[in-house]
Amino acid sequence: DGDDLLKDEESEYENELLENINKEQERLLDIQQGRKSLPVYQYRSQLLQAIKDHQVLIVVGETGSGKTTQLPQYLVEDGYTKNGTLQIAVTQPRRVAATSVAARVADEMGVVLGKEVGYSIRFEDKTTPNTTILKYMTDGMLLREFLSDPELKNYSCIMIDEAHERTLATDILLGLLKDILLHRKDLKLIISSATMNASKFSKFFYDCPIFNVPGRRFPVDIHYTVQPEANYLHAAITTIFQIHTTQPLPGDILVFLTGQEEIESTKERIEEIAHKLGSRVPEMLVTPIYANLPQEQQQKIFEKTPEGCRKIVLATNIAETSLTINGIKYVVDPGFVKENSYVPTTGMTQLLTVACSKASVDQRAGRAGRVGPGKCFRLFTKWSYYHELEATPKPEIIRTNISSIVLLLLSLGITDLINFPLLDKPSIPSLSKSLEILYVLGALNSKGSITRLGRLMCQFPCEPEFAKVIYTAAYNETANGVLEQCITIVSMLHETTSLFVGNSRDSLKSIVGETTSDHLLYLKIYDEWKNSNYSKMWCKDHKVQFKTLSRVRDIRNQLWKFCDKMGLVSMNEKALKELVDPTQSMEIKIIKCFISGFPMNIAKLGTSGYKTVSTKNSSGLEVTIHPSSVVFQQQKENAKKPSKYILYQQLMLTTKEFARVCMPIIKESWLSEMVPQIFKPNNEFN
Ligand code: ADP
Ligand code: MG
């Protein structure tokens, strides 16, 4: 009898296996049929012909027509990778787009992600040398490849995707490519863009042809609010429930929000309300999508919505053009986006929530009309649309700190920055500010030429400011020996937005203890987690995101490896052995390292609070320490005398100008010691 039972189990297992194989085959067949139904498929041979005939081609098409996933596959099929000896690069402005599209294409081609098809984003390289032929990457990563291979010899085709987003890296890439196309006649350049700005790209590349892929698009009804909304989140939630309770299923809802925190709190709120309504309304499936979302969770937005259920996708403007989600019938658009804004005269970058451009809100509305007629609910007035919104978004190059790019260009030997070809030029004040910053950091000498330190900083996988912190931690005579600590803090600073679960830091009280700065708090959190042997339980107990810390660990390992390769690790060890001045505590050294990296981010206490220190070319700005900062709590709870100077990592304008992530600078003389270029000894700084 036992034997029979075993046999039964075996055959059951076999059946299940067969069934799974069949299912998988069906799925693959579906995918292949899906590929053929995309709008670009009808133009496959025409597109390939146009690419053969022209070195540069601009491809314009509705979002979802197949540009990103299909065009690169056509190039592979047409032999552009020369039997695997050459690569095709496809750039994306966003990390999430690069990883998720690569996963999709690997699936379509039936290969393992990371082998023939891979991706490369900062701190994560999922490619295999000599195997990967199709590489999705962020535009910033391709830019870095110019450092090791200025002619991009490994590539036969470059596709600059989502060019209309006009990120800083994309703009610089186009400028650099314009030059190498002259000596590399065999290199093909494809610029793909949603339906805006195409003629500007064409003009830039000597009137190259524009290939239009007509998309299918169903009509979208646009609704406006009668009056401006005071609280757009509140309005968005109300609208979501109005749609959900009055509109038939199926029909998923896509909501455009500005960032992770907003998305997570809105998700909670919706789930709360849905829970209260119970079975009176159909089930809702709320799925977030934003840049920092772990990859397993990203895939959720693409999963088919179960019957009798409505999917609510809460997205940043990543869903505007770079990702296509099937089944969306309703779009809720508050009309805002978070944008970096840089003021060269103060040298400060602020993260601001600003109104979108007309082009953006039109793109967003279009997301509702892919599967059938749709509806878009704009949470602003019609008048505002016609009279207040800008026509197109501002390119990043005119609203960001360009020092890292200037450093890159200089290290590539491009010294005539004024005449470097660009679609839009940065302003002269912005250019001179970046040169000033690089000089202060020691990347340029007083003649404006790049120094050895500058070359090293350029190769670092992080911003020049962070590179300087790390360099100082290994090399500076009075601050070295804290390389490990500084690398940990820098890695943590790359991920701070998603570190804490919820808003409470109470569970960290035991760790916070006598911590005097946010930087040291981050260091302690990481070290304690490390001591727990990277345990998941520890994170749970302290309400810290395990996934975030795991990413920090990855970043940290990579920075460490890099520092080892560059000789910084051995310098640091030498310093630790020879420690001349044992009275110099680790804490002091860390502060000194950050002063050397962020001399522009210092504020001084005046009669009316803190004010950023002004330099030759910049004036001061009043700032308030953010209540979430350890420094704020210390000054409040311990009634500690506020320190005369603080260093901050970020400014955020909400009701006030808030300085986030701060450390007190205990001794004034450290300023002139670390950065004599701006802080003169025995001077009062204002
Ligand atoms: P475009 O670049 O022109 O906007 P894409 O190539 O990104 O278009 O998308 C083509 C189609 O592939 C989309 O309609 C979408 O349905 C499908 N698709 C893309 N990524 C995924 C994914 N991760 N899962 C399922 N379908 C996807
Ligand atoms: Mg695309």
# chains A, B, ... in the order shown; residues from 1 in each chain; ligands from 1
>>> closest_atom_pairs(of="segment 539-624 of chain A", to="segment 277-300 of chain A", cutoff="12 Å", atoms="only C-alpha atoms", output="tab-separated table")
residue	atom	partner	partner_atom	distance
A:Gln545	CA	A:Pro294	CA	11.2
A:Phe546	CA	A:Pro294	CA	11.1
A:Lys547	CA	A:Pro294	CA	7.5
A:Thr548	CA	A:Pro294	CA	8.7
A:Leu549	CA	A:Pro294	CA	11.9
A:Ser550	CA	A:Pro294	CA	10.8
A:Arg551	CA	A:Pro294	CA	9.4
>>> write_last_selection(atoms="N, CA and C atoms", output="CSV table (one decimal), in the first residue's frame")
chain,number,residue,atom,x,y,z
A,545,GLN,N,14.2,49.8,8.5
A,545,GLN,CA,14.0,49.0,7.3
A,545,GLN,C,15.2,48.1,7.0
A,546,PHE,N,14.9,46.8,7.1
A,546,PHE,CA,16.0,45.8,6.8
A,546,PHE,C,16.5,46.0,5.4
A,547,LYS,N,15.6,46.2,4.4
A,547,LYS,CA,15.9,46.3,3.0
A,547,LYS,C,16.9,47.5,2.8
A,548,THR,N,16.5,48.6,3.5
A,548,THR,CA,17.3,49.8,3.3
A,548,THR,C,18.7,49.5,3.8
A,549,LEU,N,18.8,48.9,5.0
A,549,LEU,CA,20.1,48.7,5.6
A,549,LEU,C,20.9,47.7,4.7
A,550,SER,N,20.2,46.7,4.1
A,550,SER,CA,20.9,45.8,3.3
A,550,SER,C,21.5,46.5,2.1
A,551,ARG,N,20.8,47.5,1.5
A,551,ARG,CA,21.3,48.2,0.4
A,551,ARG,C,22.5,49.1,0.9
>>> residues_near_ligand(ligand="ligand 2", cutoff="7 Å", atoms="only C-alpha atoms and all ligand atoms", output="JSON, numbers by chain")
{"A": [63, 64, 66, 67, 68, 161, 162, 321, 322, 323]}
>>> residues_near_ligand(ligand="ligand 1", cutoff="9 Å", atoms="only C-alpha atoms and all ligand atoms", output="JSON, numbers by chain")
{"A": [31, 34, 35, 38, 39, 40, 60, 61, 62, 63, 64, 65, 66, 67, 68, 69, 70, 71, 97, 100, 101, 102, 103, 104, 105, 161, 162, 192, 193, 194, 215, 298, 299, 301, 302, 303, 321, 322, 323, 324, 325, 326, 327, 370]}
>>> write_last_selection(atoms="C-alpha atoms", output="PDB file, in the first residue's frame")
ATOM      1  CA  ILE A  31       4.679  37.236 -24.632  1.00  0.00           C
ATOM      2  CA  GLY A  34       2.248  40.511 -27.255  1.00  0.00           C
ATOM      3  CA  ARG A  35       5.469  41.684 -28.860  1.00  0.00           C
ATOM      4  CA  LEU A  38       2.916  46.516 -30.187  1.00  0.00           C
ATOM      5  CA  PRO A  39       2.792  49.571 -32.464  1.00  0.00           C
ATOM      6  CA  VAL A  40       6.539  49.512 -33.249  1.00  0.00           C
ATOM      7  CA  VAL A  60       9.244  59.438 -31.343  1.00  0.00           C
ATOM      8  CA  GLY A  61       6.274  57.447 -30.154  1.00  0.00           C
ATOM      9  CA  GLU A  62       3.495  57.277 -27.661  1.00  0.00           C
ATOM     10  CA  THR A  63       4.419  55.736 -24.313  1.00  0.00           C
ATOM     11  CA  GLY A  64       3.841  51.996 -24.399  1.00  0.00           C
ATOM     12  CA  SER A  65       4.440  51.638 -28.138  1.00  0.00           C
ATOM     13  CA  GLY A  66       7.483  49.432 -27.589  1.00  0.00           C
ATOM     14  CA  LYS A  67      10.453  51.755 -28.036  1.00  0.00           C
ATOM     15  CA  THR A  68      12.361  50.736 -24.926  1.00  0.00           C
ATOM     16  CA  THR A  69      11.686  47.015 -24.891  1.00  0.00           C
ATOM     17  CA  GLN A  70      11.499  46.240 -28.623  1.00  0.00           C
ATOM     18  CA  LEU A  71      13.909  48.480 -30.534  1.00  0.00           C
ATOM     19  CA  ALA A  97      13.159  51.969 -15.282  1.00  0.00           C
ATOM     20  CA  SER A 100      12.504  46.743 -14.530  1.00  0.00           C
ATOM     21  CA  VAL A 101      12.828  47.070 -18.290  1.00  0.00           C
ATOM     22  CA  ALA A 102      15.940  44.879 -18.313  1.00  0.00           C
ATOM     23  CA  ALA A 103      14.033  42.206 -16.393  1.00  0.00           C
ATOM     24  CA  ARG A 104      11.181  42.387 -18.865  1.00  0.00           C
ATOM     25  CA  VAL A 105      13.440  42.152 -21.921  1.00  0.00           C
ATOM     26  CA  ASP A 161      15.975  56.687 -24.150  1.00  0.00           C
ATOM     27  CA  GLU A 162      13.499  59.087 -22.558  1.00  0.00           C
ATOM     28  CA  SER A 192      14.006  58.113 -28.320  1.00  0.00           C
ATOM     29  CA  SER A 193      11.543  60.388 -26.767  1.00  0.00           C
ATOM     30  CA  ALA A 194       7.905  60.725 -25.909  1.00  0.00           C
ATOM     31  CA  GLY A 215       0.571  55.013 -31.383  1.00  0.00           C
ATOM     32  CA  GLN A 298       8.329  46.925  -8.245  1.00  0.00           C
ATOM     33  CA  GLN A 299       7.181  43.915 -10.210  1.00  0.00           C
ATOM     34  CA  ILE A 301       2.518  46.933 -10.414  1.00  0.00           C
ATOM     35  CA  PHE A 302       2.764  44.815 -13.560  1.00  0.00           C
ATOM     36  CA  GLU A 303       0.835  41.851 -12.139  1.00  0.00           C
ATOM     37  CA  THR A 321       6.569  57.979 -19.541  1.00  0.00           C
ATOM     38  CA  SER A 322       9.213  55.483 -18.450  1.00  0.00           C
ATOM     39  CA  LEU A 323       6.992  52.657 -17.234  1.00  0.00           C
ATOM     40  CA  THR A 324       3.807  51.424 -18.795  1.00  0.00           C
ATOM     41  CA  ILE A 325       1.228  49.775 -16.621  1.00  0.00           C
ATOM     42  CA  ASN A 326      -1.519  47.852 -18.366  1.00  0.00           C
ATOM     43  CA  GLY A 327      -5.157  48.162 -17.401  1.00  0.00           C
ATOM     44  CA  ARG A 370      -4.110  52.888 -23.552  1.00  0.00           C
TER      45      ARG A 370
END
>>> residues_around(residues="segment 649-665 of chain A", least_positions_apart="3", cutoff="8 Å", atoms="only C-alpha atoms", output="JSON, numbers by chain")
{"A": [348, 349, 350, 351, 352, 516, 517, 518, 519, 591, 598, 601, 622, 623, 624, 625, 626, 628, 629, 630, 631, 643, 644, 645, 646, 668]}
>>> residues_around(residues="Asp333 of chain A", least_positions_apart="2", cutoff="9 Å", atoms="only C-alpha atoms", output="PyMOL selection string")
chain A and resi 236+254-257+331+335-336+361+364-365+376-380
>>> residues_around(residues="segment 386-396 of chain A", least_positions_apart="3", cutoff="6 Å", atoms="only C-alpha atoms", output="ChimeraX atom specification")
/A:166-168,357-359,383,399-400
>>> write_last_selection(atoms="C-alpha atoms", output="PDB file, in the first residue's frame")
ATOM      1  CA  ARG A 166      16.401  66.178 -20.275  1.00  0.00           C
ATOM      2  CA  THR A 167      18.308  65.029 -17.240  1.00  0.00           C
ATOM      3  CA  LEU A 168      21.741  66.521 -16.729  1.00  0.00           C
ATOM      4  CA  SER A 357       4.377  71.563 -17.049  1.00  0.00           C
ATOM      5  CA  LYS A 358       1.545  71.253 -19.563  1.00  0.00           C
ATOM      6  CA  ALA A 359       3.532  68.654 -21.479  1.00  0.00           C
ATOM      7  CA  TRP A 383      -7.821  78.220 -15.835  1.00  0.00           C
ATOM      8  CA  ARG A 399      18.401  73.998 -12.276  1.00  0.00           C
ATOM      9  CA  THR A 400      21.094  71.894 -10.687  1.00  0.00           C
TER      10      THR A 400
END
>>> closest_residue(among="A:Gln227, A:Ala274, A:Asn340, A:Asp554", to="Ser384 of chain A", atoms="only C-alpha atoms")
A:Gln227
>>> closest_residue(among="A:Tyr439, A:Phe562, A:Phe500, A:Trp529", to="Glu261 of chain A", atoms="only C-alpha atoms")
A:Phe500
>>> residues_around(residues="Ser265 of chain A", least_positions_apart="5", cutoff="12 Å", atoms="only C-alpha atoms", output="list in words")
Leu233, His234, Ile237, Leu257, Thr258, Gly259, Gln260, Ile270, Glu271, Glu272, Val286, Pro288, Leu314, Val501, Gly502 and Asn503 of chain A
>>> write_last_selection(atoms="N, CA and C atoms", output="mmCIF file, in the first residue's frame")
data_model
loop_
_atom_site.group_PDB
_atom_site.id
_atom_site.type_symbol
_atom_site.label_atom_id
_atom_site.label_comp_id
_atom_site.auth_asym_id
_atom_site.auth_seq_id
_atom_site.Cartn_x
_atom_site.Cartn_y
_atom_site.Cartn_z
ATOM 1 N N LEU A 233 -3.543 66.078 -1.388
ATOM 2 C CA LEU A 233 -3.557 64.674 -0.980
ATOM 3 C C LEU A 233 -4.961 64.254 -0.575
ATOM 4 N N HIS A 234 -5.567 65.142 0.194
ATOM 5 C CA HIS A 234 -6.926 64.900 0.628
ATOM 6 C C HIS A 234 -7.846 64.774 -0.586
ATOM 7 N N ILE A 237 -7.348 61.442 -2.424
ATOM 8 C CA ILE A 237 -7.976 60.282 -1.773
ATOM 9 C C ILE A 237 -9.482 60.291 -2.007
ATOM 10 N N LEU A 257 1.830 61.089 -7.482
ATOM 11 C CA LEU A 257 2.228 61.813 -6.279
ATOM 12 C C LEU A 257 3.694 62.215 -6.411
ATOM 13 N N THR A 258 4.224 62.922 -5.380
ATOM 14 C CA THR A 258 5.554 63.497 -5.602
ATOM 15 C C THR A 258 6.708 62.704 -5.012
ATOM 16 N N GLY A 259 6.451 61.801 -4.075
ATOM 17 C CA GLY A 259 7.601 61.086 -3.522
ATOM 18 C C GLY A 259 7.209 59.956 -2.602
ATOM 19 N N GLN A 260 8.232 59.267 -2.150
ATOM 20 C CA GLN A 260 8.051 58.068 -1.349
ATOM 21 C C GLN A 260 7.207 58.280 -0.096
ATOM 22 N N ILE A 270 -5.527 55.145 2.446
ATOM 23 C CA ILE A 270 -6.494 54.467 1.578
ATOM 24 C C ILE A 270 -6.877 53.115 2.174
ATOM 25 N N GLU A 271 -5.871 52.386 2.646
ATOM 26 C CA GLU A 271 -6.146 51.060 3.198
ATOM 27 C C GLU A 271 -7.008 51.149 4.456
ATOM 28 N N GLU A 272 -6.771 52.194 5.249
ATOM 29 C CA GLU A 272 -7.585 52.426 6.441
ATOM 30 C C GLU A 272 -9.054 52.622 6.077
ATOM 31 N N VAL A 286 -3.681 48.300 -3.372
ATOM 32 C CA VAL A 286 -2.887 49.524 -3.498
ATOM 33 C C VAL A 286 -1.416 49.157 -3.719
ATOM 34 N N PRO A 288 2.408 50.732 -4.616
ATOM 35 C CA PRO A 288 3.227 51.922 -4.810
ATOM 36 C C PRO A 288 4.335 51.684 -5.846
ATOM 37 N N LEU A 314 -0.006 54.001 -6.930
ATOM 38 C CA LEU A 314 0.435 55.303 -6.459
ATOM 39 C C LEU A 314 1.868 55.478 -6.945
ATOM 40 N N VAL A 501 10.942 52.956 9.742
ATOM 41 C CA VAL A 501 9.588 52.469 9.519
ATOM 42 C C VAL A 501 8.651 53.457 10.197
ATOM 43 N N GLY A 502 7.710 53.990 9.460
ATOM 44 C CA GLY A 502 6.824 54.991 10.049
ATOM 45 C C GLY A 502 7.606 56.246 10.380
ATOM 46 N N ASN A 503 7.048 57.077 11.241
ATOM 47 C CA ASN A 503 7.730 58.333 11.523
ATOM 48 C C ASN A 503 8.419 58.346 12.875
#
>>> closest_residue(among="A:Thr472, A:Asn445, A:Gln49, A:Thr85", to="Met674 of chain A", atoms="only C-alpha atoms")
A:Thr472
>>> select_by_dssp(residues="segment 472-557 of chain A", states="alpha helix (DSSP H)", output="PDB file with C-alpha atoms, in the first residue's frame")
ATOM      1  CA  THR A 472      40.122  63.209   3.888  1.00  0.00           C
ATOM      2  CA  ALA A 473      39.284  60.289   6.172  1.00  0.00           C
ATOM      3  CA  ALA A 474      42.227  58.353   4.751  1.00  0.00           C
ATOM      4  CA  TYR A 475      44.740  61.068   3.925  1.00  0.00           C
ATOM      5  CA  LEU A 483      37.844  55.775   6.730  1.00  0.00           C
ATOM      6  CA  GLU A 484      35.548  52.968   7.845  1.00  0.00           C
ATOM      7  CA  GLN A 485      33.296  55.296   9.791  1.00  0.00           C
ATOM      8  CA  CYS A 486      33.086  57.855   7.006  1.00  0.00           C
ATOM      9  CA  ILE A 487      32.319  55.224   4.378  1.00  0.00           C
ATOM     10  CA  THR A 488      29.509  53.926   6.567  1.00  0.00           C
ATOM     11  CA  ILE A 489      28.050  57.399   7.069  1.00  0.00           C
ATOM     12  CA  VAL A 490      28.318  58.265   3.375  1.00  0.00           C
ATOM     13  CA  SER A 491      26.605  54.987   2.467  1.00  0.00           C
ATOM     14  CA  MET A 492      23.854  55.665   4.985  1.00  0.00           C
ATOM     15  CA  LEU A 493      23.357  59.185   3.633  1.00  0.00           C
ATOM     16  CA  LYS A 509      16.137  55.936  21.996  1.00  0.00           C
ATOM     17  CA  SER A 510      18.557  53.390  23.418  1.00  0.00           C
ATOM     18  CA  ILE A 511      20.851  53.847  20.463  1.00  0.00           C
ATOM     19  CA  VAL A 512      20.456  57.568  20.169  1.00  0.00           C
ATOM     20  CA  ASP A 518      22.631  62.698  12.772  1.00  0.00           C
ATOM     21  CA  HIS A 519      25.802  61.487  11.133  1.00  0.00           C
ATOM     22  CA  LEU A 520      26.878  59.690  14.292  1.00  0.00           C
ATOM     23  CA  LEU A 521      23.393  58.312  14.752  1.00  0.00           C
ATOM     24  CA  TYR A 522      23.568  56.744  11.298  1.00  0.00           C
ATOM     25  CA  LEU A 523      26.964  55.322  12.142  1.00  0.00           C
ATOM     26  CA  LYS A 524      25.652  53.827  15.383  1.00  0.00           C
ATOM     27  CA  ILE A 525      22.610  52.330  13.735  1.00  0.00           C
ATOM     28  CA  TYR A 526      24.745  50.642  11.124  1.00  0.00           C
ATOM     29  CA  ASP A 527      27.337  49.397  13.576  1.00  0.00           C
ATOM     30  CA  GLU A 528      24.750  47.992  15.967  1.00  0.00           C
ATOM     31  CA  TRP A 529      23.046  46.239  13.090  1.00  0.00           C
ATOM     32  CA  LYS A 530      26.400  44.857  12.001  1.00  0.00           C
ATOM     33  CA  ASN A 531      27.018  43.649  15.569  1.00  0.00           C
ATOM     34  CA  LYS A 536      16.336  41.009  10.466  1.00  0.00           C
ATOM     35  CA  MET A 537      15.044  40.790  14.028  1.00  0.00           C
ATOM     36  CA  TRP A 538      17.226  43.697  15.106  1.00  0.00           C
ATOM     37  CA  CYS A 539      15.637  45.854  12.422  1.00  0.00           C
ATOM     38  CA  LYS A 540      12.172  44.810  13.486  1.00  0.00           C
ATOM     39  CA  ASP A 541      12.903  45.596  17.117  1.00  0.00           C
ATOM     40  CA  HIS A 542      14.278  49.012  16.264  1.00  0.00           C
ATOM     41  CA  PHE A 546      15.951  45.799   6.807  1.00  0.00           C
ATOM     42  CA  LYS A 547      15.948  46.263   3.035  1.00  0.00           C
ATOM     43  CA  THR A 548      17.339  49.754   3.299  1.00  0.00           C
ATOM     44  CA  LEU A 549      20.145  48.661   5.583  1.00  0.00           C
ATOM     45  CA  SER A 550      20.933  45.771   3.272  1.00  0.00           C
ATOM     46  CA  ARG A 551      21.283  48.239   0.418  1.00  0.00           C
ATOM     47  CA  VAL A 552      23.514  50.401   2.592  1.00  0.00           C
ATOM     48  CA  ARG A 553      25.643  47.324   3.208  1.00  0.00           C
ATOM     49  CA  ASP A 554      25.979  46.826  -0.552  1.00  0.00           C
ATOM     50  CA  ILE A 555      26.916  50.438  -1.164  1.00  0.00           C
ATOM     51  CA  ARG A 556      29.372  50.291   1.683  1.00  0.00           C
ATOM     52  CA  ASN A 557      31.065  47.170   0.324  1.00  0.00           C
TER      53      ASN A 557
END
>>> closest_residue(among="A:Leu187, A:Leu568, A:Leu142, A:Ala467", to="Asn480 of chain A", atoms="only C-alpha atoms")
A:Leu568
>>> residues_around(residues="Gly567 of chain A", least_positions_apart="3", cutoff="12 Å", atoms="only C-alpha atoms", output="ChimeraX atom specification")
/A:456,471,474-475,483,560-564,570-574
>>> write_last_selection(atoms="N, CA and C atoms", output="mmCIF file, in the first residue's frame")
data_model
loop_
_atom_site.group_PDB
_atom_site.id
_atom_site.type_symbol
_atom_site.label_atom_id
_atom_site.label_comp_id
_atom_site.auth_asym_id
_atom_site.auth_seq_id
_atom_site.Cartn_x
_atom_site.Cartn_y
_atom_site.Cartn_z
ATOM 1 N N LEU A 456 41.031 61.691 -8.983
ATOM 2 C CA LEU A 456 40.579 60.613 -8.109
ATOM 3 C C LEU A 456 39.091 60.781 -7.782
ATOM 4 N N TYR A 471 38.153 60.792 1.047
ATOM 5 C CA TYR A 471 39.584 61.015 0.823
ATOM 6 C C TYR A 471 40.239 61.587 2.091
ATOM 7 N N ALA A 474 41.068 59.233 4.892
ATOM 8 C CA ALA A 474 42.227 58.353 4.751
ATOM 9 C C ALA A 474 43.537 59.132 4.738
ATOM 10 N N TYR A 475 43.500 60.359 4.204
ATOM 11 C CA TYR A 475 44.740 61.068 3.925
ATOM 12 C C TYR A 475 45.079 62.236 4.834
ATOM 13 N N LEU A 483 38.380 56.147 8.042
ATOM 14 C CA LEU A 483 37.844 55.775 6.730
ATOM 15 C C LEU A 483 36.603 54.894 6.853
ATOM 16 N N TRP A 560 34.050 50.503 -0.232
ATOM 17 C CA TRP A 560 35.242 49.961 0.422
ATOM 18 C C TRP A 560 36.183 49.339 -0.602
ATOM 19 N N LYS A 561 35.610 48.545 -1.496
ATOM 20 C CA LYS A 561 36.409 47.903 -2.549
ATOM 21 C C LYS A 561 37.112 48.960 -3.393
ATOM 22 N N PHE A 562 36.349 49.986 -3.732
ATOM 23 C CA PHE A 562 36.918 51.061 -4.544
ATOM 24 C C PHE A 562 38.085 51.719 -3.812
ATOM 25 N N CYS A 563 37.890 52.005 -2.522
ATOM 26 C CA CYS A 563 38.937 52.669 -1.739
ATOM 27 C C CYS A 563 40.162 51.779 -1.616
ATOM 28 N N ASP A 564 39.925 50.482 -1.554
ATOM 29 C CA ASP A 564 41.027 49.543 -1.475
ATOM 30 C C ASP A 564 41.854 49.604 -2.762
ATOM 31 N N SER A 570 44.873 51.218 2.584
ATOM 32 C CA SER A 570 46.191 51.020 3.199
ATOM 33 C C SER A 570 46.697 52.314 3.838
ATOM 34 N N MET A 571 46.360 53.458 3.237
ATOM 35 C CA MET A 571 46.719 54.743 3.854
ATOM 36 C C MET A 571 46.071 54.870 5.228
ATOM 37 N N ASN A 572 44.816 54.469 5.279
ATOM 38 C CA ASN A 572 44.055 54.570 6.517
ATOM 39 C C ASN A 572 44.650 53.662 7.592
ATOM 40 N N GLU A 573 45.035 52.450 7.188
ATOM 41 C CA GLU A 573 45.621 51.517 8.149
ATOM 42 C C GLU A 573 46.937 52.044 8.701
ATOM 43 N N LYS A 574 47.694 52.643 7.793
ATOM 44 C CA LYS A 574 48.972 53.228 8.204
ATOM 45 C C LYS A 574 48.701 54.319 9.250
#
>>> atom_distance(atom1="atom CA of Gly110 of chain A", atom2="atom CA of Arg44 of chain A")
20.2 Å
>>> closest_residue(among="A:Ser446, A:Asn401, A:Thr266, A:Thr451", to="Pro344 of chain A", atoms="only C-alpha atoms")
A:Asn401
>>> closest_residue(among="A:Glu16, A:Glu229, A:Glu165, A:Glu578", to="Thr91 of chain A", atoms="only C-alpha atoms")
A:Glu165
>>> select_by_dssp(residues="segment 322-398 of chain A", states="strand (DSSP E)", output="PyMOL selection string")
chain A and resi 328-333+336-343+348-355+374-378
>>> atom_distance(atom1="atom CA of Ser432 of chain A", atom2="atom CA of Leu407 of chain A")
12.4 Å
>>> atom_distance(atom1="atom CA of Cys462 of chain A", atom2="atom CA of Arg122 of chain A")
8.6 Å
>>> decode(residues="segment 53-99 of chain A", atoms="C-alpha atoms", output="short mmCIF file (atom, residue, chain, number, x, y, z; two decimals), in the first residue's frame")
data_model
loop_
_atom_site.label_atom_id
_atom_site.label_comp_id
_atom_site.auth_asym_id
_atom_site.auth_seq_id
_atom_site.Cartn_x
_atom_site.Cartn_y
_atom_site.Cartn_z
CA ASP A 53 20.84 54.62 -43.57
CA HIS A 54 21.52 57.21 -40.88
CA GLN A 55 24.04 57.44 -38.11
CA VAL A 56 21.62 59.30 -35.85
CA LEU A 57 17.90 58.66 -35.72
CA ILE A 58 15.28 60.15 -33.49
CA VAL A 59 12.38 57.86 -32.68
CA VAL A 60 9.24 59.44 -31.34
CA GLY A 61 6.27 57.45 -30.15
CA GLU A 62 3.50 57.28 -27.66
CA THR A 63 4.42 55.74 -24.31
CA GLY A 64 3.84 52.00 -24.40
CA SER A 65 4.44 51.64 -28.14
CA GLY A 66 7.48 49.43 -27.59
CA LYS A 67 10.45 51.75 -28.04
CA THR A 68 12.36 50.74 -24.93
CA THR A 69 11.69 47.02 -24.89
CA GLN A 70 11.50 46.24 -28.62
CA LEU A 71 13.91 48.48 -30.53
CA PRO A 72 17.02 47.11 -28.79
CA GLN A 73 15.85 43.56 -29.48
CA TYR A 74 15.42 44.41 -33.17
CA LEU A 75 18.99 45.67 -33.20
CA VAL A 76 20.22 42.41 -31.69
CA GLU A 77 18.19 40.39 -34.20
CA ASP A 78 19.64 42.51 -37.03
CA GLY A 79 23.21 41.56 -36.11
CA TYR A 80 24.45 44.78 -34.52
CA THR A 81 26.16 42.90 -31.72
CA LYS A 82 28.39 41.04 -34.22
CA ASN A 83 27.94 37.62 -32.64
CA GLY A 84 28.27 38.95 -29.15
CA THR A 85 31.49 40.90 -29.66
CA LEU A 86 29.83 44.30 -29.44
CA GLN A 87 27.26 45.68 -27.05
CA ILE A 88 24.14 47.77 -27.30
CA ALA A 89 23.57 50.32 -24.54
CA VAL A 90 20.17 51.73 -23.68
CA THR A 91 20.16 54.60 -21.20
CA GLN A 92 17.36 55.51 -18.82
CA PRO A 93 17.10 58.55 -16.60
CA ARG A 94 15.80 56.44 -13.71
CA ARG A 95 17.16 53.44 -11.90
CA VAL A 96 13.77 51.75 -11.56
CA ALA A 97 13.16 51.97 -15.28
CA ALA A 98 16.57 50.48 -16.10
CA THR A 99 16.13 47.49 -13.79
#
